[in-house]
file structure28.txt (compact mmCIF, C-alpha atoms)
# COMPACT_ATOMS: atom_id res chain seq x y z
CA MET A 1 -141.00 22.04 -95.47
CA ASN A 2 -137.73 20.81 -94.06
CA ASP A 3 -135.59 23.90 -93.73
CA CYS A 4 -132.00 23.06 -92.87
CA PRO A 5 -128.89 25.19 -93.36
CA ALA A 6 -126.48 23.79 -95.91
CA HIS A 7 -122.71 24.19 -95.70
CA PRO A 8 -120.44 23.72 -98.71
CA THR A 9 -117.78 21.05 -98.47
CA ALA A 10 -114.36 21.08 -100.14
CA ASP A 11 -115.73 19.49 -103.29
CA GLY A 12 -118.55 21.94 -103.57
CA GLU A 13 -121.28 19.61 -102.30
CA ASN A 14 -123.62 20.71 -99.53
CA THR A 15 -124.06 18.98 -96.19
CA VAL A 16 -127.06 19.51 -93.93
CA GLU A 17 -126.35 20.35 -90.31
CA SER A 18 -128.12 17.96 -87.95
CA GLY A 19 -130.64 19.27 -85.44
CA ALA A 20 -131.84 22.11 -87.65
CA PRO A 21 -135.43 23.21 -86.95
CA GLU A 22 -138.36 22.87 -89.29
CA LEU A 23 -139.69 26.29 -90.22
CA PHE A 24 -143.06 27.61 -91.37
CA THR A 25 -145.17 24.72 -90.09
CA TRP A 26 -148.26 25.18 -87.92
CA GLU A 27 -146.23 23.96 -84.95
CA PHE A 28 -143.61 26.60 -85.73
CA ALA A 29 -146.30 29.31 -85.94
CA THR A 30 -147.52 28.37 -82.46
CA ASP A 31 -144.09 28.81 -80.88
CA PRO A 32 -141.29 29.91 -83.22
CA TYR A 33 -138.89 30.92 -80.46
CA PRO A 34 -137.02 27.60 -80.01
CA ALA A 35 -136.35 27.49 -83.75
CA TYR A 36 -135.16 31.08 -83.74
CA ALA A 37 -132.85 30.32 -80.80
CA TRP A 38 -131.28 27.50 -82.85
CA LEU A 39 -130.82 29.78 -85.86
CA ARG A 40 -129.25 32.52 -83.73
CA GLU A 41 -126.67 30.08 -82.47
CA HIS A 42 -125.98 27.95 -85.56
CA SER A 43 -127.06 29.92 -88.65
CA PRO A 44 -127.72 33.54 -87.67
CA VAL A 45 -127.96 34.81 -91.28
CA HIS A 46 -129.77 31.94 -92.87
CA ARG A 47 -130.76 31.35 -96.49
CA THR A 48 -134.10 29.60 -96.82
CA THR A 49 -136.93 28.92 -99.22
CA LEU A 50 -140.12 30.53 -97.97
CA PRO A 51 -143.53 28.84 -98.25
CA SER A 52 -144.18 31.02 -101.33
CA GLY A 53 -141.14 29.54 -103.05
CA VAL A 54 -139.14 32.77 -102.81
CA GLU A 55 -135.56 32.37 -101.56
CA ALA A 56 -134.50 34.88 -98.92
CA TRP A 57 -132.08 35.48 -96.05
CA LEU A 58 -133.34 35.44 -92.45
CA VAL A 59 -131.40 37.67 -90.02
CA THR A 60 -131.87 36.52 -86.41
CA ARG A 61 -129.24 38.09 -84.11
CA TYR A 62 -129.91 41.47 -82.52
CA ALA A 63 -126.66 43.15 -83.64
CA ASP A 64 -127.05 41.94 -87.23
CA ALA A 65 -130.74 42.85 -87.26
CA ARG A 66 -130.12 46.38 -86.02
CA GLN A 67 -127.41 46.82 -88.64
CA ALA A 68 -129.60 45.50 -91.44
CA LEU A 69 -132.57 47.70 -90.52
CA ALA A 70 -130.46 50.83 -90.93
CA ASP A 71 -128.19 49.68 -93.79
CA GLY A 72 -128.61 51.90 -96.86
CA ARG A 73 -127.39 49.07 -99.07
CA LEU A 74 -130.62 47.20 -98.31
CA SER A 75 -133.37 48.83 -100.33
CA LYS A 76 -137.11 48.72 -99.71
CA ASP A 77 -137.81 49.06 -103.42
CA PRO A 78 -138.96 45.70 -104.92
CA ALA A 79 -137.41 46.74 -108.25
CA HIS A 80 -134.05 45.63 -106.80
CA HIS A 81 -135.22 42.02 -106.45
CA THR A 82 -133.39 39.98 -109.08
CA GLY A 83 -135.31 36.75 -108.52
CA PRO A 84 -137.45 35.02 -111.17
CA ALA A 85 -140.34 37.03 -112.57
CA ASN A 86 -142.89 34.81 -110.84
CA ALA A 87 -141.20 35.44 -107.48
CA LYS A 88 -141.54 39.22 -107.72
CA GLY A 89 -145.30 38.99 -107.33
CA LYS A 90 -144.90 36.97 -104.12
CA THR A 91 -143.21 39.67 -102.09
CA GLY A 92 -144.80 42.70 -100.49
CA ILE A 93 -148.52 43.10 -99.77
CA PRO A 94 -150.82 40.95 -101.94
CA GLY A 95 -152.67 42.95 -104.55
CA GLU A 96 -150.79 46.21 -104.10
CA ARG A 97 -149.22 46.12 -107.58
CA LYS A 98 -152.46 45.55 -109.48
CA ALA A 99 -154.19 48.18 -107.37
CA GLU A 100 -151.41 50.72 -108.06
CA LEU A 101 -150.68 51.07 -104.35
CA THR A 102 -146.94 50.40 -104.34
CA THR A 103 -145.69 53.97 -103.85
CA HIS A 104 -145.93 53.89 -100.06
CA LEU A 105 -143.42 54.16 -97.23
CA LEU A 106 -142.73 50.42 -97.02
CA ASN A 107 -141.64 50.21 -100.66
CA ILE A 108 -139.51 53.28 -101.32
CA ASP A 109 -136.11 54.74 -100.44
CA PRO A 110 -134.84 58.30 -100.03
CA PRO A 111 -135.39 60.88 -101.38
CA ASP A 112 -139.02 59.89 -102.09
CA HIS A 113 -139.28 58.18 -98.71
CA THR A 114 -138.02 61.33 -96.97
CA ARG A 115 -140.56 63.50 -98.80
CA LEU A 116 -143.56 61.25 -98.13
CA ARG A 117 -142.65 60.56 -94.51
CA ARG A 118 -142.39 64.28 -93.85
CA LEU A 119 -145.91 64.77 -95.18
CA VAL A 120 -147.52 62.27 -92.83
CA SER A 121 -145.33 62.70 -89.76
CA LYS A 122 -147.52 65.55 -88.54
CA ALA A 123 -150.34 63.08 -87.97
CA PHE A 124 -148.31 61.21 -85.36
CA THR A 125 -146.74 64.01 -83.34
CA PRO A 126 -146.97 63.53 -79.55
CA ARG A 127 -149.40 66.43 -79.33
CA ARG A 128 -151.75 65.09 -81.99
CA VAL A 129 -151.65 61.56 -80.55
CA ALA A 130 -152.33 62.95 -77.06
CA ALA A 131 -155.31 64.87 -78.44
CA PHE A 132 -156.62 61.60 -79.88
CA ALA A 133 -156.43 59.81 -76.50
CA PRO A 134 -160.01 60.60 -75.40
CA ARG A 135 -161.38 59.11 -78.62
CA VAL A 136 -159.32 55.94 -78.11
CA GLN A 137 -160.63 55.66 -74.53
CA GLU A 138 -164.16 56.24 -75.78
CA LEU A 139 -163.85 53.49 -78.37
CA THR A 140 -162.27 51.14 -75.83
CA ASP A 141 -165.06 51.58 -73.29
CA ARG A 142 -167.78 51.27 -75.92
CA LEU A 143 -166.36 47.99 -77.22
CA ILE A 144 -166.03 46.54 -73.70
CA ASP A 145 -169.58 47.69 -72.95
CA GLY A 146 -170.67 45.45 -75.83
CA PHE A 147 -169.58 42.25 -74.09
CA ALA A 148 -168.92 43.07 -70.42
CA GLU A 149 -172.28 41.68 -69.20
CA GLN A 150 -172.00 38.46 -71.19
CA GLY A 151 -169.26 36.95 -69.07
CA HIS A 152 -167.33 35.79 -72.15
CA ALA A 153 -165.91 37.17 -75.37
CA ASP A 154 -163.48 36.57 -78.19
CA LEU A 155 -161.04 39.36 -77.49
CA ILE A 156 -159.72 39.36 -81.06
CA HIS A 157 -163.06 39.64 -82.86
CA ASP A 158 -164.89 41.70 -80.24
CA PHE A 159 -162.12 44.03 -79.12
CA ALA A 160 -158.56 43.90 -80.45
CA PHE A 161 -159.66 43.93 -84.09
CA PRO A 162 -162.32 46.69 -84.17
CA LEU A 163 -160.51 49.14 -81.87
CA PRO A 164 -157.60 50.08 -84.18
CA ILE A 165 -159.78 49.87 -87.30
CA TYR A 166 -162.18 52.52 -86.03
CA ALA A 167 -159.32 54.59 -84.62
CA ILE A 168 -157.31 54.71 -87.85
CA CYS A 169 -160.47 55.37 -89.87
CA ASP A 170 -161.16 58.39 -87.67
CA LEU A 171 -157.59 59.60 -88.13
CA LEU A 172 -157.76 59.22 -91.91
CA GLY A 173 -161.16 60.89 -92.14
CA VAL A 174 -163.25 57.91 -93.25
CA PRO A 175 -166.90 58.82 -92.52
CA ARG A 176 -168.54 56.82 -89.75
CA GLU A 177 -171.11 55.38 -92.13
CA ASP A 178 -168.33 53.84 -94.26
CA GLN A 179 -166.18 52.43 -91.46
CA ASP A 180 -167.91 49.05 -91.32
CA ASP A 181 -166.87 48.50 -94.95
CA PHE A 182 -163.27 49.09 -93.92
CA ARG A 183 -163.75 46.63 -91.07
CA ASP A 184 -164.94 43.99 -93.55
CA TRP A 185 -162.01 44.57 -95.94
CA ALA A 186 -159.52 44.53 -93.09
CA GLY A 187 -161.07 41.34 -91.75
CA MET A 188 -160.56 39.71 -95.13
CA MET A 189 -156.88 40.69 -95.02
CA ILE A 190 -156.41 39.11 -91.60
CA ARG A 191 -158.40 35.95 -92.33
CA HIS A 192 -156.51 35.27 -95.55
CA GLY A 193 -153.12 36.67 -94.57
CA GLY A 194 -151.51 33.24 -94.31
CA GLY A 195 -153.38 31.54 -97.13
CA PRO A 196 -154.22 32.28 -100.76
CA ARG A 197 -153.27 35.82 -101.69
CA GLY A 198 -156.40 36.24 -103.81
CA GLY A 199 -158.67 37.03 -100.87
CA VAL A 200 -156.36 39.78 -99.68
CA ALA A 201 -155.92 41.12 -103.20
CA ARG A 202 -159.68 41.46 -103.68
CA SER A 203 -159.97 43.43 -100.45
CA VAL A 204 -157.05 45.64 -101.48
CA LYS A 205 -158.76 46.36 -104.81
CA LYS A 206 -162.01 47.34 -103.09
CA MET A 207 -160.12 49.53 -100.64
CA ARG A 208 -158.20 51.19 -103.48
CA GLY A 209 -161.44 52.09 -105.27
CA TYR A 210 -162.93 53.54 -102.13
CA LEU A 211 -159.82 55.58 -101.31
CA ALA A 212 -159.74 57.08 -104.79
CA GLU A 213 -163.36 58.16 -104.39
CA LEU A 214 -162.73 59.49 -100.87
CA ILE A 215 -159.75 61.56 -102.04
CA HIS A 216 -161.94 63.20 -104.69
CA ARG A 217 -164.59 63.95 -102.06
CA LYS A 218 -162.01 65.42 -99.68
CA ARG A 219 -160.74 67.74 -102.40
CA GLU A 220 -164.22 69.23 -102.60
CA ASP A 221 -164.88 69.21 -98.87
CA PRO A 222 -161.67 68.88 -96.82
CA GLY A 223 -161.76 68.24 -93.09
CA ASP A 224 -159.44 68.02 -90.10
CA ASP A 225 -158.02 64.61 -90.96
CA LEU A 226 -154.96 62.99 -92.48
CA ILE A 227 -156.30 62.49 -96.01
CA SER A 228 -157.28 66.15 -96.17
CA ASP A 229 -153.80 67.08 -94.92
CA LEU A 230 -152.22 64.99 -97.70
CA ILE A 231 -154.39 66.72 -100.28
CA ARG A 232 -153.50 70.16 -98.93
CA ALA A 233 -149.80 69.30 -99.10
CA SER A 234 -150.23 68.17 -102.69
CA ASP A 235 -152.04 71.35 -103.58
CA HIS A 236 -149.25 73.45 -102.06
CA GLY A 237 -146.37 72.16 -104.11
CA GLU A 238 -145.31 68.97 -102.35
CA HIS A 239 -145.96 67.06 -105.60
CA LEU A 240 -147.99 64.27 -104.04
CA THR A 241 -149.68 62.34 -106.84
CA GLU A 242 -153.13 60.83 -106.44
CA ASN A 243 -151.58 57.36 -106.49
CA GLU A 244 -149.17 58.40 -103.74
CA ALA A 245 -152.02 59.81 -101.65
CA ALA A 246 -154.07 56.63 -102.08
CA ALA A 247 -151.05 54.42 -101.36
CA MET A 248 -150.19 56.45 -98.28
CA ALA A 249 -153.73 56.20 -96.90
CA PHE A 250 -153.76 52.48 -97.68
CA ILE A 251 -150.48 51.66 -95.97
CA LEU A 252 -151.39 53.70 -92.88
CA LEU A 253 -154.55 51.66 -92.61
CA PHE A 254 -152.92 48.33 -93.47
CA ALA A 255 -149.88 48.81 -91.23
CA GLY A 256 -151.79 50.73 -88.59
CA PHE A 257 -154.43 48.20 -87.69
CA GLU A 258 -153.00 44.68 -87.78
CA THR A 259 -149.96 45.58 -85.70
CA THR A 260 -152.24 46.94 -82.98
CA VAL A 261 -154.64 43.98 -83.22
CA ASN A 262 -151.68 41.71 -82.52
CA LEU A 263 -150.20 43.96 -79.84
CA ILE A 264 -153.45 43.83 -77.87
CA GLY A 265 -154.08 40.13 -78.56
CA ASN A 266 -150.54 38.86 -77.98
CA GLY A 267 -150.10 41.19 -75.01
CA THR A 268 -153.31 40.07 -73.30
CA TYR A 269 -152.43 36.42 -73.91
CA ALA A 270 -148.93 36.90 -72.48
CA LEU A 271 -150.39 38.48 -69.34
CA LEU A 272 -152.89 35.64 -68.94
CA ARG A 273 -150.04 33.11 -69.22
CA ASN A 274 -147.95 35.07 -66.68
CA PRO A 275 -150.38 35.72 -63.81
CA GLU A 276 -147.78 37.17 -61.43
CA GLN A 277 -146.92 39.87 -63.98
CA ARG A 278 -150.58 40.51 -64.72
CA GLU A 279 -151.39 40.87 -61.01
CA ARG A 280 -148.44 43.20 -60.57
CA LEU A 281 -149.76 45.43 -63.35
CA GLN A 282 -153.28 45.37 -61.92
CA ARG A 283 -152.01 46.51 -58.52
CA SER A 284 -150.08 49.31 -60.19
CA LEU A 285 -153.12 50.46 -62.16
CA ALA A 286 -155.34 50.31 -59.09
CA ALA A 287 -152.86 52.60 -57.31
CA GLY A 288 -153.15 55.12 -60.12
CA GLU A 289 -149.60 54.55 -61.35
CA SER A 290 -148.55 54.62 -65.00
CA ASP A 291 -144.85 53.70 -65.02
CA LEU A 292 -145.35 49.93 -65.09
CA LEU A 293 -147.94 50.23 -67.86
CA ALA A 294 -145.47 52.22 -69.96
CA THR A 295 -142.56 49.81 -69.50
CA GLY A 296 -144.95 46.89 -69.72
CA ILE A 297 -146.10 47.76 -73.23
CA GLU A 298 -142.48 47.88 -74.37
CA GLU A 299 -141.82 44.50 -72.77
CA LEU A 300 -144.87 42.95 -74.44
CA LEU A 301 -143.61 44.30 -77.77
CA ARG A 302 -140.27 42.63 -77.13
CA TYR A 303 -141.53 39.39 -75.63
CA ASP A 304 -144.11 38.39 -78.26
CA GLY A 305 -144.54 41.36 -80.54
CA PRO A 306 -147.05 41.91 -83.35
CA VAL A 307 -144.48 41.97 -86.18
CA GLU A 308 -142.48 38.76 -86.46
CA LEU A 309 -140.39 39.74 -89.49
CA ALA A 310 -139.65 43.23 -90.75
CA THR A 311 -140.98 43.93 -94.23
CA TRP A 312 -138.95 43.06 -97.31
CA ARG A 313 -135.51 44.45 -98.10
CA TYR A 314 -133.31 43.81 -101.14
CA ALA A 315 -129.52 44.02 -101.41
CA THR A 316 -128.52 46.67 -103.95
CA VAL A 317 -124.87 45.58 -103.98
CA PRO A 318 -122.99 42.49 -102.81
CA LEU A 319 -122.53 42.75 -99.05
CA THR A 320 -121.56 40.72 -96.00
CA LEU A 321 -123.93 40.45 -93.05
CA GLY A 322 -123.25 38.29 -90.01
CA GLY A 323 -120.41 36.57 -91.85
CA GLN A 324 -122.59 35.62 -94.83
CA ASP A 325 -122.05 36.94 -98.34
CA ILE A 326 -125.30 38.25 -99.79
CA ALA A 327 -125.60 38.83 -103.52
CA ALA A 328 -127.08 41.95 -105.08
CA GLY A 329 -130.80 41.47 -105.59
CA ASP A 330 -131.24 38.94 -102.78
CA PRO A 331 -134.24 39.50 -100.46
CA VAL A 332 -133.39 39.98 -96.78
CA LEU A 333 -135.92 39.52 -93.97
CA VAL A 334 -134.97 40.72 -90.48
CA VAL A 335 -136.56 38.45 -87.87
CA LEU A 336 -137.58 40.90 -85.16
CA ALA A 337 -138.98 38.13 -82.99
CA ALA A 338 -135.60 36.38 -82.94
CA ALA A 339 -133.55 39.53 -82.43
CA ASP A 340 -135.70 40.65 -79.51
CA ARG A 341 -134.97 37.42 -77.63
CA ASP A 342 -131.24 37.45 -78.25
CA PRO A 343 -129.50 36.64 -74.94
CA GLU A 344 -126.47 38.63 -76.11
CA ARG A 345 -128.65 41.75 -75.85
CA PHE A 346 -131.41 40.98 -73.32
CA ARG A 347 -130.92 39.37 -69.94
CA ASP A 348 -133.13 36.30 -69.45
CA PRO A 349 -134.90 37.06 -72.75
CA ASP A 350 -137.52 34.30 -72.55
CA ARG A 351 -138.93 35.71 -69.30
CA LEU A 352 -141.67 38.35 -69.31
CA ASP A 353 -140.63 41.23 -67.04
CA LEU A 354 -142.97 44.23 -67.27
CA ALA A 355 -140.50 46.37 -65.34
CA ARG A 356 -137.59 45.67 -67.72
CA SER A 357 -135.79 49.00 -68.09
CA ASP A 358 -132.98 48.28 -70.55
CA ASN A 359 -135.33 47.43 -73.40
CA GLN A 360 -134.26 48.82 -76.77
CA HIS A 361 -136.32 46.26 -78.64
CA LEU A 362 -136.76 46.30 -82.41
CA GLY A 363 -140.51 45.71 -82.37
CA TYR A 364 -141.16 48.88 -84.35
CA GLY A 365 -138.00 48.71 -86.42
CA HIS A 366 -134.94 50.93 -86.46
CA GLY A 367 -133.49 53.61 -88.71
CA ILE A 368 -135.35 55.71 -91.26
CA HIS A 369 -138.13 53.13 -91.57
CA TYR A 370 -138.91 53.13 -87.84
CA CYS A 371 -142.68 52.73 -87.53
CA LEU A 372 -144.34 56.10 -88.00
CA GLY A 373 -147.47 55.05 -86.14
CA ALA A 374 -145.66 53.70 -83.05
CA PRO A 375 -146.97 56.49 -80.75
CA LEU A 376 -150.57 55.76 -81.75
CA ALA A 377 -150.10 51.98 -81.39
CA ARG A 378 -148.60 52.46 -77.92
CA LEU A 379 -151.52 54.68 -76.92
CA GLU A 380 -154.04 52.12 -78.15
CA GLY A 381 -152.18 49.24 -76.52
CA GLN A 382 -151.85 50.97 -73.17
CA THR A 383 -155.47 52.12 -73.18
CA ALA A 384 -156.79 48.71 -74.21
CA LEU A 385 -154.83 46.68 -71.66
CA ALA A 386 -155.31 49.10 -68.78
CA THR A 387 -159.07 49.28 -69.37
CA LEU A 388 -159.46 45.52 -69.82
CA LEU A 389 -157.58 44.72 -66.62
CA SER A 390 -159.41 47.40 -64.65
CA ARG A 391 -162.92 46.65 -65.84
CA LEU A 392 -162.55 42.85 -66.06
CA PRO A 393 -160.15 42.07 -63.20
CA ASP A 394 -160.79 38.31 -63.24
CA LEU A 395 -160.20 37.94 -66.98
CA ARG A 396 -159.11 34.37 -67.80
CA LEU A 397 -158.67 32.06 -70.77
CA ALA A 398 -161.79 30.12 -71.74
CA VAL A 399 -159.82 27.37 -73.53
CA GLU A 400 -156.58 25.52 -73.02
CA PRO A 401 -153.57 27.32 -74.54
CA GLY A 402 -152.99 24.36 -76.83
CA ASP A 403 -156.41 24.91 -78.40
CA LEU A 404 -155.52 28.40 -79.63
CA ARG A 405 -154.42 28.85 -83.22
CA TRP A 406 -152.06 31.47 -84.61
CA ARG A 407 -152.64 33.03 -88.01
CA GLY A 408 -150.26 31.79 -90.65
CA GLY A 409 -148.27 34.38 -92.52
CA LEU A 410 -144.78 35.68 -92.89
CA ILE A 411 -144.66 39.20 -91.46
CA MET A 412 -147.27 39.44 -88.71
CA ARG A 413 -147.69 37.29 -85.60
CA GLY A 414 -151.15 37.11 -84.06
CA LEU A 415 -153.85 34.85 -82.69
CA ARG A 416 -156.90 33.87 -84.74
CA THR A 417 -159.12 34.00 -81.66
CA LEU A 418 -158.70 34.65 -77.94
CA PRO A 419 -161.73 33.25 -76.05
CA VAL A 420 -161.93 34.58 -72.49
CA GLU A 421 -164.28 34.43 -69.51
CA PHE A 422 -164.80 36.94 -66.71
CA GLY A 423 -167.26 38.22 -64.15
CA ALA A 424 -169.29 41.29 -65.01
CA GLY A 425 -167.03 44.28 -64.49
CA PRO A 426 -167.88 47.83 -63.43
CA ALA A 427 -168.85 50.34 -66.08
CA PRO A 428 -166.53 53.32 -66.53
CA GLU A 429 -167.32 56.28 -64.31
CA GLU A 430 -167.53 58.64 -67.27
CA SER A 431 -168.13 57.50 -70.84
CA ASP A 432 -169.60 59.48 -73.66
CA THR A 433 -172.05 57.35 -75.58
CA LEU A 434 -171.36 56.99 -79.30
CA SER A 435 -174.31 56.92 -81.65
CA THR A 436 -172.38 54.55 -83.87
CA LEU A 437 -168.89 53.14 -84.19
call {"tool": "encode", "arguments": {"input": "structure28.txt", "output": "structure tokens"}}
result
Amino acid sequence: MNDCPAHPTADGENTVESGAPELFTWEFATDPYPAYAWLREHSPVHRTTLPSGVEAWLVTRYADARQALADGRLSKDPAHHTGPANAKGKTGIPGERKAELTTHLLNIDPPDHTRLRRLVSKAFTPRRVAAFAPRVQELTDRLIDGFAEQGHADLIHDFAFPLPIYAICDLLGVPREDQDDFRDWAGMMIRHGGGPRGGVARSVKKMRGYLAELIHRKREDPGDDLISDLIRASDHGEHLTENEAAAMAFILLFAGFETTVNLIGNGTYALLRNPEQRERLQRSLAAGESDLLATGIEELLRYDGPVELATWRYATVPLTLGGQDIAAGDPVLVVLAAADRDPERFRDPDRLDLARSDNQHLGYGHGIHYCLGAPLARLEGQTALATLLSRLPDLRLAVEPGDLRWRGGLIMRGLRTLPVEFGAGPAPEESDTLSTL
């Protein structure tokens, strides 16, 4: 699709500006940053037709993006979309409408958003996330144990994908014997995320049926987990409907695993492509330091983060953003990947600098919709990368970078596979053995 900004002339005709980039091709998916740099400079709030046929505005400059993410005139509720009826089904998560899973945090505004966010925020307090750290380390070591002696692995399939799935299942209270089903459904979502929506929709429907059954079981036998906490809140006057509980569990799973898959995958790939930064981090870890790991995760989120575009927003009134007039009902997509490489905000933005200190990136959003699970994702990302680099110090790409393929899709940015080679690394000094993942 040739995607060029049009400018009205005096007689009302449109002219196409020369040099405009082509968007949403496979080449673009591999490296979208040159195209985003062009848009930032020439068409920072840019109207385009998406591959789905939906027309939307892309916001690419940091200042405009930060404003849009916190602007109350931009609603998360798809009901505000005034596009054609057939376009309404092409926004949001495939299958969520038919599965009655739309009443979640990514689709609602205050006051409902405030009420639901308050209910689940307790699951992601620093204390609760810190208490979950040993389990994340345990999962990380067990997964690396599964391939460490082979000398090769696909870090997406063997590591980055299963780690957050099992972690979020534990947090939600999904029994161990059912977690492989969740892994299969989540895998379907990732494999089909950039293609036909039917495959994702079928997985969403299966997940919805399971969550409804699990909620009923938890009412009879609650545990120390997030779904049980949601049920207790509902039973104590918070007015959480069953659909809201199912939608909340679904979106925590959906949003809580793919972002971390991509954080680990993109982050590892960036370190392999920047050996001086990777070696610097390895020296820091070997010295028992944690500061570079902490700033490094933030830099990896900025440099090539897991979420390319923030989820859908819709103008509730006519407004002006970045000098462009946006009509009520128009969809607006904030391009986090473009904003986080804006040279007006970040010095030398195309360079990976793990020690970057002034790093208020937008990788997890901004405003009231700031990612609720960010503390858990950071924990998983730090644990995964630190353990990989420590246990497999000679980790290296097994293919040429040009042979790697990125998953198509609008919101997320992640690799399909990440084949690596390495020498057999040391086993962890202490690791509780799991009977099953």
call {"tool": "atom_distance", "arguments": {"input": "structure28.txt", "atom1": "atom CA of A:Leu139", "atom2": "atom CA of A:Gly363"}}
result
24.9 Å
call {"tool": "atom_distance", "arguments": {"input": "structure28.txt", "atom1": "atom CA of A:Ala133", "atom2": "atom CA of A:Leu172"}}
result
15.5 Å
call {"tool": "atom_distance", "arguments": {"input": "structure28.txt", "atom1": "atom CA of A:Ser52", "atom2": "atom CA of A:Arg202"}}
result
18.8 Å
call {"tool": "residues_around", "arguments": {"input": "structure28.txt", "residues": "A:Thr260", "least_positions_apart": "3", "cutoff": "7 Å", "atoms": "only C-alpha atoms", "output": "ChimeraX atom specification"}}
result
/A:164,256-257,263-264,377,381
call {"tool": "closest_residue", "arguments": {"input": "structure28.txt", "among": "A:Arg118, A:Tyr314, A:Leu211, A:Glu220", "to": "A:Ala327", "atoms": "all atoms listed in the file"}}
result
A:Tyr314
call {"tool": "closest_residue", "arguments": {"input": "structure28.txt", "among": "A:Ala70, A:Pro331, A:His113, A:Glu258", "to": "A:Met412", "atoms": "all atoms listed in the file"}}
result
A:Glu258
call {"tool": "closest_residue", "arguments": {"input": "structure28.txt", "among": "A:Gly151, A:Pro222, A:Pro318, A:Pro162", "to": "A:Gly423", "atoms": "only C-alpha atoms"}}
result
A:Gly151
call {"tool": "closest_residue", "arguments": {"input": "structure28.txt", "among": "A:Arg117, A:Leu385, A:Asn266, A:Ala247", "to": "A:Arg405", "atoms": "only C-alpha atoms"}}
result
A:Asn266
call {"tool": "closest_residue", "arguments": {"input": "structure28.txt", "among": "A:Pro419, A:Pro134, A:Pro175, A:Gly305", "to": "A:Val399", "atoms": "only C-alpha atoms"}}
result
A:Pro419
call {"tool": "closest_residue", "arguments": {"input": "structure28.txt", "among": "A:Thr49, A:Asn262, A:Ser290, A:Gln137", "to": "A:Thr387", "atoms": "all atoms listed in the file"}}
result
A:Gln137
call {"tool": "residues_near_point", "arguments": {"input": "structure28.txt", "point": "(-159.2, 65.9, -107.9)", "cutoff": "12 Å", "atoms": "all atoms listed in the file", "output": "mmCIF file with C-alpha atoms, in the coordinates of the input"}}
result
data_model
loop_
_atom_site.group_PDB
_atom_site.id
_atom_site.type_symbol
_atom_site.label_atom_id
_atom_site.label_comp_id
_atom_site.auth_asym_id
_atom_site.auth_seq_id
_atom_site.Cartn_x
_atom_site.Cartn_y
_atom_site.Cartn_z
ATOM 1 C CA ALA A 212 -159.740 57.080 -104.790
ATOM 2 C CA GLU A 213 -163.360 58.160 -104.390
ATOM 3 C CA LEU A 214 -162.730 59.490 -100.870
ATOM 4 C CA ILE A 215 -159.750 61.560 -102.040
ATOM 5 C CA HIS A 216 -161.940 63.200 -104.690
ATOM 6 C CA ARG A 217 -164.590 63.950 -102.060
ATOM 7 C CA LYS A 218 -162.010 65.420 -99.680
ATOM 8 C CA ARG A 219 -160.740 67.740 -102.400
ATOM 9 C CA GLU A 220 -164.220 69.230 -102.600
ATOM 10 C CA ASP A 221 -164.880 69.210 -98.870
ATOM 11 C CA PRO A 222 -161.670 68.880 -96.820
ATOM 12 C CA SER A 228 -157.280 66.150 -96.170
ATOM 13 C CA ILE A 231 -154.390 66.720 -100.280
ATOM 14 C CA ARG A 232 -153.500 70.160 -98.930
ATOM 15 C CA SER A 234 -150.230 68.170 -102.690
ATOM 16 C CA ASP A 235 -152.040 71.350 -103.580
ATOM 17 C CA LEU A 240 -147.990 64.270 -104.040
ATOM 18 C CA THR A 241 -149.680 62.340 -106.840
ATOM 19 C CA GLU A 242 -153.130 60.830 -106.440
ATOM 20 C CA ASN A 243 -151.580 57.360 -106.490
ATOM 21 C CA ALA A 245 -152.020 59.810 -101.650
#
call {"tool": "residues_around", "arguments": {"input": "structure28.txt", "residues": "A:Phe346", "least_positions_apart": "4", "cutoff": "12 Å", "atoms": "all atoms listed in the file", "output": "short mmCIF file (atom, residue, chain, number, x, y, z; two decimals) with C-alpha atoms, in the frame of the given file"}}
result
data_model
loop_
_atom_site.label_atom_id
_atom_site.label_comp_id
_atom_site.auth_asym_id
_atom_site.auth_seq_id
_atom_site.Cartn_x
_atom_site.Cartn_y
_atom_site.Cartn_z
CA ARG A 61 -129.24 38.09 -84.11
CA TYR A 62 -129.91 41.47 -82.52
CA ALA A 63 -126.66 43.15 -83.64
CA GLU A 299 -141.82 44.50 -72.77
CA ARG A 302 -140.27 42.63 -77.13
CA TYR A 303 -141.53 39.39 -75.63
CA ALA A 338 -135.60 36.38 -82.94
CA ALA A 339 -133.55 39.53 -82.43
CA ASP A 340 -135.70 40.65 -79.51
CA ARG A 341 -134.97 37.42 -77.63
CA ASP A 342 -131.24 37.45 -78.25
CA ASP A 350 -137.52 34.30 -72.55
CA ARG A 351 -138.93 35.71 -69.30
CA LEU A 352 -141.67 38.35 -69.31
CA ASP A 353 -140.63 41.23 -67.04
CA ARG A 356 -137.59 45.67 -67.72
CA SER A 357 -135.79 49.00 -68.09
CA ASP A 358 -132.98 48.28 -70.55
CA ASN A 359 -135.33 47.43 -73.40
CA GLN A 360 -134.26 48.82 -76.77
CA HIS A 361 -136.32 46.26 -78.64
CA LEU A 362 -136.76 46.30 -82.41
#
call {"tool": "residues_around", "arguments": {"input": "structure28.txt", "residues": "A:Leu395", "least_positions_apart": "6", "cutoff": "10 Å", "atoms": "only C-alpha atoms", "output": "VMD selection string"}}
result
chain A and resid 151 to 152 268 272 388 to 389 420 to 425
call {"tool": "axis_aligned_box", "arguments": {"input": "structure28.txt", "around": "stretch 223-232 of chain A", "padding_each_side": "6 Å", "output": "lines of an AutoDock Vina configuration file"}}
result
center_x = -157.0
center_y = 66.3
center_z = -95.2
size_x = 21.5
size_y = 19.7
size_z = 22.2
